[in-house]
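Containing mmCIF, C-alpha atoms: data_14.cif.
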```
data_coords
loop_
_atom_site.label_atom_id
_atom_site.label_comp_id
_atom_site.auth_asym_id
_atom_site.auth_seq_id
_atom_site.Cartn_x
_atom_site.Cartn_y
_atom_site.Cartn_z
CA MET Y 1 120.86 71.27 96.90
CA LYS Y 2 118.93 73.99 98.69
CA SER Y 3 118.13 73.51 102.34
CA ASN Y 4 114.56 73.50 103.66
CA THR Y 5 115.22 76.93 105.13
CA GLU Y 6 116.28 78.30 101.76
CA LYS Y 7 113.21 76.79 100.11
CA ARG Y 8 110.93 78.44 102.63
CA THR Y 9 112.51 81.84 102.21
CA THR Y 10 112.22 81.75 98.41
CA ARG Y 11 108.62 80.54 98.36
CA LYS Y 12 106.13 83.11 97.14
CA PRO Y 13 104.04 84.57 99.98
CA LYS Y 14 100.35 83.72 99.93
CA ALA Y 15 97.89 86.60 100.04
CA VAL Y 16 94.10 86.57 100.22
CA VAL Y 17 92.28 89.06 98.02
CA LEU Y 18 88.77 89.72 99.32
CA ILE Y 19 86.64 91.82 97.01
CA GLY Y 20 83.00 92.63 96.44
CA PRO Y 21 80.70 95.56 95.69
CA THR Y 22 79.98 98.36 98.11
CA ALA Y 23 77.91 97.30 101.14
CA VAL Y 24 78.13 93.59 100.36
CA GLY Y 25 79.58 92.80 103.80
CA LYS Y 26 83.37 92.62 103.38
CA THR Y 27 84.11 94.21 106.76
CA ALA Y 28 81.89 91.89 108.77
CA MET Y 29 83.25 88.82 107.02
CA THR Y 30 86.81 90.02 107.55
CA GLU Y 31 86.24 90.24 111.30
CA ALA Y 32 84.49 86.86 111.39
CA LEU Y 33 87.33 85.01 109.65
CA PHE Y 34 90.56 86.97 110.04
CA ALA Y 35 90.50 88.67 113.45
CA ASP Y 36 93.44 86.59 114.73
CA SER Y 37 95.32 85.63 111.60
CA ALA Y 38 95.65 88.56 109.18
CA GLU Y 39 96.82 92.08 108.55
CA ILE Y 40 94.71 94.11 106.14
CA ILE Y 41 95.96 95.98 103.09
CA ASN Y 42 93.29 98.50 102.17
CA ALA Y 43 92.23 98.43 98.51
CA ASP Y 44 89.62 101.19 98.68
CA SER Y 45 90.62 104.29 96.74
CA VAL Y 46 88.70 106.64 99.06
CA GLN Y 47 89.83 105.23 102.41
CA VAL Y 48 93.41 106.23 101.59
CA TYR Y 49 92.41 109.84 102.28
CA ARG Y 50 92.62 111.56 105.64
CA GLY Y 51 89.37 113.09 106.88
CA LEU Y 52 87.10 110.99 104.64
CA ASP Y 53 85.86 108.61 107.31
CA ILE Y 54 82.08 108.37 107.22
CA GLY Y 55 81.47 108.68 103.48
CA SER Y 56 84.14 106.06 102.72
CA ALA Y 57 82.85 103.64 105.39
CA LYS Y 58 86.34 103.53 106.86
CA PRO Y 59 86.80 100.82 109.52
CA ASP Y 60 86.31 102.11 113.04
CA GLU Y 61 88.97 102.31 115.73
CA ARG Y 62 87.82 99.09 117.39
CA LEU Y 63 88.38 97.04 114.22
CA ARG Y 64 91.64 98.80 113.46
CA LYS Y 65 92.93 97.85 116.91
CA LEU Y 66 91.72 94.28 116.49
CA ILE Y 67 93.30 93.78 113.04
CA PRO Y 68 96.28 95.84 111.85
CA HIS Y 69 95.37 97.93 108.78
CA HIS Y 70 97.68 99.36 106.13
CA LEU Y 71 97.20 102.07 103.46
CA LEU Y 72 94.52 103.95 105.40
CA ASP Y 73 94.87 107.73 105.86
CA ILE Y 74 98.04 107.99 103.78
CA ARG Y 75 97.10 110.91 101.52
CA ASP Y 76 95.59 114.36 101.93
CA PRO Y 77 92.36 114.90 99.98
CA TRP Y 78 93.98 117.09 97.34
CA GLU Y 79 96.64 114.48 96.50
CA GLN Y 80 96.39 111.84 93.80
CA TYR Y 81 96.83 108.16 94.68
CA THR Y 82 96.99 105.99 91.59
CA ALA Y 83 96.68 102.29 90.91
CA GLY Y 84 100.43 102.29 90.34
CA ASP Y 85 100.99 103.78 93.79
CA PHE Y 86 98.78 101.11 95.31
CA VAL Y 87 100.53 98.25 93.50
CA ARG Y 88 103.93 99.52 94.64
CA ASP Y 89 102.82 99.87 98.26
CA ALA Y 90 100.84 96.61 98.45
CA THR Y 91 103.60 94.62 96.75
CA ALA Y 92 106.05 95.81 99.41
CA LEU Y 93 103.65 95.05 102.28
CA ILE Y 94 102.73 91.47 101.34
CA PRO Y 95 106.11 89.85 102.12
CA GLU Y 96 106.53 92.01 105.24
CA ILE Y 97 103.22 90.76 106.65
CA SER Y 98 104.00 87.16 105.70
CA GLU Y 99 107.32 87.34 107.52
CA ARG Y 100 105.42 88.33 110.66
CA GLY Y 101 103.48 85.07 110.40
CA LYS Y 102 100.24 86.76 109.38
CA THR Y 103 98.11 86.42 106.25
CA PRO Y 104 98.21 89.49 103.99
CA LEU Y 105 94.53 90.27 103.36
CA VAL Y 106 94.00 92.67 100.47
CA THR Y 107 90.43 93.90 100.68
CA GLY Y 108 88.36 96.67 99.16
CA GLY Y 109 86.15 97.50 96.23
CA THR Y 110 88.46 99.37 93.87
CA GLY Y 111 88.67 96.92 91.02
CA TYR Y 112 91.45 98.52 89.02
CA TYR Y 113 93.69 98.52 92.14
CA ILE Y 114 93.06 94.80 92.61
CA LYS Y 115 93.40 93.84 88.96
CA GLN Y 116 96.74 95.56 88.50
CA LEU Y 117 98.08 94.09 91.74
CA VAL Y 118 97.07 90.53 90.88
CA TYR Y 119 97.58 90.47 87.10
CA GLY Y 120 99.90 93.37 86.45
CA PRO Y 121 99.24 96.42 84.25
CA SER Y 122 97.45 96.22 80.93
CA SER Y 123 99.28 96.50 77.63
CA ALA Y 124 98.11 100.11 77.22
CA PRO Y 125 100.88 102.63 76.47
CA ALA Y 126 102.62 104.43 79.31
CA SER Y 127 101.45 107.90 80.16
CA ASP Y 128 102.70 110.66 77.87
CA ILE Y 129 103.16 113.79 79.99
CA GLU Y 130 102.76 116.22 77.09
CA ILE Y 131 99.55 114.61 75.80
CA ARG Y 132 98.21 114.24 79.35
CA GLN Y 133 98.69 117.96 79.97
CA ARG Y 134 96.95 118.83 76.69
CA VAL Y 135 93.99 116.60 77.57
CA LYS Y 136 93.80 118.15 81.04
CA ALA Y 137 93.78 121.67 79.58
CA GLU Y 138 91.10 120.70 77.05
CA ILE Y 139 88.87 119.28 79.79
CA GLU Y 140 89.34 122.43 81.89
CA GLU Y 141 88.34 124.55 78.87
CA LYS Y 142 85.40 122.46 77.60
CA GLY Y 143 84.13 120.87 80.81
CA ARG Y 144 83.44 117.44 82.25
CA VAL Y 145 80.30 116.87 80.20
CA TRP Y 146 82.34 117.27 77.02
CA ALA Y 147 85.00 114.88 78.37
CA TYR Y 148 82.47 112.14 79.07
CA GLU Y 149 80.85 112.60 75.67
CA GLU Y 150 84.26 112.54 73.99
CA LEU Y 151 85.03 109.28 75.79
CA GLY Y 152 81.77 107.83 74.45
CA ARG Y 153 82.71 108.87 70.94
CA ILE Y 154 86.19 107.33 70.96
CA ASP Y 155 85.69 104.41 73.37
CA PRO Y 156 82.07 103.54 74.25
CA VAL Y 157 83.19 100.35 76.01
CA SER Y 158 85.33 102.29 78.48
CA GLN Y 159 82.56 104.86 78.86
CA SER Y 160 80.23 102.10 80.04
CA ARG Y 161 82.79 101.11 82.70
CA ILE Y 162 83.77 104.54 83.99
CA SER Y 163 81.67 106.90 86.08
CA ARG Y 164 80.99 110.25 84.42
CA ASN Y 165 82.52 111.87 87.51
CA ASP Y 166 85.79 109.92 87.38
CA ILE Y 167 87.77 112.55 85.52
CA TYR Y 168 91.09 110.85 86.25
CA ARG Y 169 90.11 107.66 84.41
CA ILE Y 170 88.22 109.55 81.67
CA SER Y 171 91.27 111.71 80.94
CA ARG Y 172 93.52 108.62 80.98
CA ALA Y 173 91.28 106.89 78.41
CA ILE Y 174 91.31 109.97 76.17
CA GLU Y 175 95.09 110.22 76.59
CA VAL Y 176 95.55 106.57 75.53
CA PHE Y 177 93.45 107.16 72.41
CA ARG Y 178 95.39 110.30 71.53
CA THR Y 179 98.70 108.48 72.12
CA SER Y 180 97.97 105.24 70.29
CA GLY Y 181 94.96 105.84 68.06
CA ARG Y 182 93.27 102.90 69.81
CA PRO Y 183 90.61 102.86 72.54
CA LEU Y 184 91.78 101.94 76.02
CA SER Y 185 89.30 99.03 76.07
CA SER Y 186 91.14 97.40 73.16
CA PHE Y 187 94.25 96.82 75.24
CA SER Y 188 94.31 93.51 77.05
CA MET Y 189 94.79 92.94 80.75
CA ASN Y 190 96.96 90.01 81.73
CA SER Y 191 94.89 86.94 82.62
CA THR Y 192 97.55 85.13 84.63
CA PRO Y 193 98.56 86.28 88.12
CA SER Y 194 101.89 88.05 88.62
CA ASP Y 195 104.86 86.15 90.01
CA ASP Y 196 105.29 88.28 93.14
CA SER Y 197 102.71 86.53 95.32
CA ASP Y 198 100.41 83.53 95.40
CA PHE Y 199 96.97 85.17 95.37
CA VAL Y 200 93.77 83.50 96.56
CA LEU Y 201 90.81 85.50 95.22
CA ILE Y 202 87.39 85.60 96.89
CA CYS Y 203 84.50 87.79 95.76
CA LEU Y 204 81.43 88.28 97.93
CA VAL Y 205 78.07 88.51 96.15
CA ARG Y 206 74.43 89.13 97.01
CA ASP Y 207 71.39 89.31 94.77
CA LYS Y 208 70.53 92.76 93.44
CA LYS Y 209 67.50 93.40 95.64
CA GLU Y 210 69.37 92.44 98.78
CA LEU Y 211 72.38 94.58 97.86
CA ASP Y 212 70.22 97.59 96.91
CA GLU Y 213 68.53 97.46 100.31
CA ARG Y 214 71.87 97.27 102.10
CA ILE Y 215 73.15 100.26 100.13
CA SER Y 216 70.12 102.33 101.14
CA LEU Y 217 70.59 101.36 104.78
CA ARG Y 218 74.29 102.17 104.66
CA VAL Y 219 73.70 105.64 103.22
CA GLU Y 220 71.01 106.35 105.83
CA GLU Y 221 73.46 105.29 108.53
CA MET Y 222 76.16 107.56 107.11
CA PHE Y 223 73.89 110.56 107.45
CA ARG Y 224 72.98 109.56 111.01
CA GLU Y 225 76.68 109.25 111.84
CA GLY Y 226 77.35 112.78 110.59
CA LEU Y 227 78.23 112.69 106.89
CA TYR Y 228 76.83 116.20 106.43
CA ASP Y 229 79.05 117.54 109.22
CA GLU Y 230 82.04 115.72 107.76
CA ILE Y 231 81.63 117.37 104.36
CA ARG Y 232 81.03 120.79 105.96
CA LYS Y 233 84.29 120.41 107.89
CA LEU Y 234 86.14 119.48 104.70
CA MET Y 235 84.70 122.48 102.87
CA LYS Y 236 85.67 124.80 105.73
CA GLU Y 237 89.20 123.45 105.43
CA GLY Y 238 89.22 124.44 101.77
CA ALA Y 239 88.07 121.29 99.97
CA GLU Y 240 87.26 121.88 96.30
CA ALA Y 241 85.27 119.84 93.82
CA ASP Y 242 88.31 119.07 91.68
CA TRP Y 243 90.33 117.52 94.51
CA PRO Y 244 90.79 113.79 93.80
CA ALA Y 245 89.11 112.75 97.06
CA MET Y 246 86.09 114.98 96.48
CA LYS Y 247 85.20 113.13 93.28
CA ALA Y 248 84.21 110.07 95.30
CA ILE Y 249 80.58 109.02 95.72
CA GLY Y 250 79.28 110.41 98.98
CA TYR Y 251 81.24 113.63 98.64
CA ARG Y 252 80.84 114.90 95.08
CA GLU Y 253 77.04 114.99 95.45
CA PHE Y 254 77.39 117.78 98.03
CA PHE Y 255 79.52 119.82 95.63
CA ASP Y 256 77.06 119.20 92.78
CA ALA Y 257 74.23 120.45 95.00
CA THR Y 258 76.24 123.50 96.02
CA LEU Y 259 77.01 124.37 92.41
CA SER Y 260 73.41 123.95 91.27
CA GLY Y 261 71.97 125.69 94.33
CA GLU Y 262 69.04 123.28 94.20
CA GLY Y 263 70.09 120.40 96.45
CA THR Y 264 68.48 119.42 99.72
CA ILE Y 265 69.72 116.85 102.22
CA SER Y 266 67.00 114.50 101.03
CA SER Y 267 67.90 114.89 97.35
CA ILE Y 268 71.62 114.54 98.06
CA LYS Y 269 70.91 111.34 99.96
CA GLU Y 270 68.92 109.95 97.05
CA ASP Y 271 71.69 110.92 94.62
CA ILE Y 272 74.24 109.07 96.74
CA ILE Y 273 72.06 105.96 96.92
CA ARG Y 274 71.46 105.98 93.15
CA SER Y 275 75.16 106.56 92.35
CA THR Y 276 76.24 103.85 94.78
CA ARG Y 277 73.87 101.29 93.26
CA GLN Y 278 75.17 102.11 89.78
CA TYR Y 279 78.74 101.80 91.02
CA ALA Y 280 78.01 98.43 92.67
CA LYS Y 281 76.70 97.15 89.34
CA ARG Y 282 79.89 98.25 87.58
CA GLN Y 283 81.99 96.66 90.34
CA MET Y 284 80.33 93.26 89.87
CA THR Y 285 80.80 93.40 86.10
CA PHE Y 286 84.47 94.13 86.71
CA PHE Y 287 84.95 91.41 89.35
CA ARG Y 288 83.23 88.75 87.25
CA SER Y 289 85.83 89.35 84.54
CA MET Y 290 88.70 88.40 86.85
CA PRO Y 291 90.08 84.90 86.16
CA GLY Y 292 90.49 82.57 89.12
CA CYS Y 293 88.07 84.39 91.41
CA ARG Y 294 85.72 82.27 93.56
CA PHE Y 295 82.30 83.71 94.48
CA PHE Y 296 80.54 83.27 97.83
CA HIS Y 297 77.61 84.75 99.72
CA PRO Y 298 79.01 86.64 102.75
CA ASP Y 299 76.91 84.54 105.14
CA ASP Y 300 78.43 81.28 103.90
CA ILE Y 301 81.34 81.44 106.34
CA PRO Y 302 81.86 77.62 106.52
CA SER Y 303 82.32 77.32 102.74
CA ILE Y 304 84.70 80.27 102.64
CA ARG Y 305 86.70 78.81 105.54
CA ASP Y 306 86.89 75.41 103.81
CA TYR Y 307 88.01 76.99 100.55
CA LEU Y 308 90.74 78.97 102.31
CA SER Y 309 91.90 75.87 104.15
CA ALA Y 310 92.12 73.95 100.88
CA GLU Y 311 94.28 76.79 99.52
CA GLY Y 312 96.61 76.56 102.53
CA ILE Y 313 95.23 79.64 104.35
CA SER Y 314 94.62 79.26 108.08
CA THR Y 315 92.01 81.47 109.75
CA ASP Y 316 92.89 80.39 113.29
#
```

Take the structure in the file and write it out as structure tokens.
Amino acid sequence: MKSNTEKRTTRKPKAVVLIGPTAVGKTAMTEALFADSAEIINADSVQVYRGLDIGSAKPDERLRKLIPHHLLDIRDPWEQYTAGDFVRDATALIPEISERGKTPLVTGGTGYYIKQLVYGPSSAPASDIEIRQRVKAEIEEKGRVWAYEELGRIDPVSQSRISRNDIYRISRAIEVFRTSGRPLSSFSMNSTPSDDSDFVLICLVRDKKELDERISLRVEEMFREGLYDEIRKLMKEGAEADWPAMKAIGYREFFDATLSGEGTISSIKEDIIRSTRQYAKRQMTFFRSMPGCRFFHPDDIPSIRDYLSAEGISTD
């Protein structure tokens, strides 16, 4: 018979997954509930990049000192960081944090990071290097507009889920079709959580009008904090439009304006607001498809605390 000690050491670590669309209020709720009990695993695909602080709404130094953060500032802007990279890193961190007596808190808005961590990868075929290189060369020759239109032709469902500027995911979807003859959207994602951890999923939601207003306010605040100076500094350091980090909302709009020669600060700001609202809508569609996720308004702290307590998560 196993001892109590052995049982404890083999028990799956619990991890809280806190998700929600851009500007919904994840950071404020994190501080309100987890300041003393958690370590954060960042699940935002832009915050992994060094130098992208304002446009990614990266947590400030005060919060990072209050709550330990992981997977922030771990890549240079020209480097790729994939969902597979995130799953590998987060999976290693969860038991380490648990062993320190803290709650692993996975939080961010990058849905495909979260989904692969919690449910594992989809049944889509593995990447084929030769086909991937051919797709990349074809996109470089024919352009991004062609790539997005080609995606719509072969897989309109995936096209509706992927931003026209997300060349990485567009090329992956085209690659899957070329490899298998089937659209990426036809491959199923696992609906049961992986065996590595015991995940408790919480998604924060607001009504559309409220969220749209918060997005506008956030973008205005980013410009006041110096987003324009941040992008100028990145460009002086050699940043290019095809760098993975520069494809993110809040950064690519500056490159689009530079290429067209027609952009003003005001028009760039409006483009960022519009793109962010569209992205938030796609995020919510994605999050609502995740089995086992509980939805709360960010201001309903007592209900969230009660739910966590019922799931065996202490916030003290």

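Using only C-alpha atoms for every distance, the candidate list Y:Arg169, Y:Arg50, Y:Arg100, Y:Lys58 yields Y:Arg50 as the residue closest to Y:Pro77.
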
query = With all atoms listed in the file as the atoms that count, which of Y:Arg75, Y:Arg144, Y:Lys26, Y:Arg172 lies nearest to Y:Thr107?
reply = Y:Lys26

query = atom CA of Y:Ile67 and atom CA of Y:Ser314, how far apart in Å?
reply = 15.4 Å

request  = Find the residues near Y:Asp256: any atom within 9 Å, counting all atoms listed in the file, skip ones fewer than 6 places away on the same chain, and give them as a list in words.
outcome  = Ala241, Gly263 and Ile268 of chain Y

Using only C-alpha atoms, please write the residues we just selected to a file, as a PDB file, in the coordinates of the input.
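As a result, again-v4.pdb now contains:
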```
ATOM      1  CA  ALA Y 241      85.270 119.840  93.820  1.00  0.00           C
ATOM      2  CA  GLY Y 263      70.090 120.400  96.450  1.00  0.00           C
ATOM      3  CA  ILE Y 268      71.620 114.540  98.060  1.00  0.00           C
TER       4      ILE Y 268
END
```

inquiry  = the PyMOL selection byres ((chain Y and resi 184) around 9) - which residues does that actually catch in the file I just gave you? List them as a PyMOL selection string.
reply    = chain Y and resi 124+155+157-158+172-177+182-183+185-188
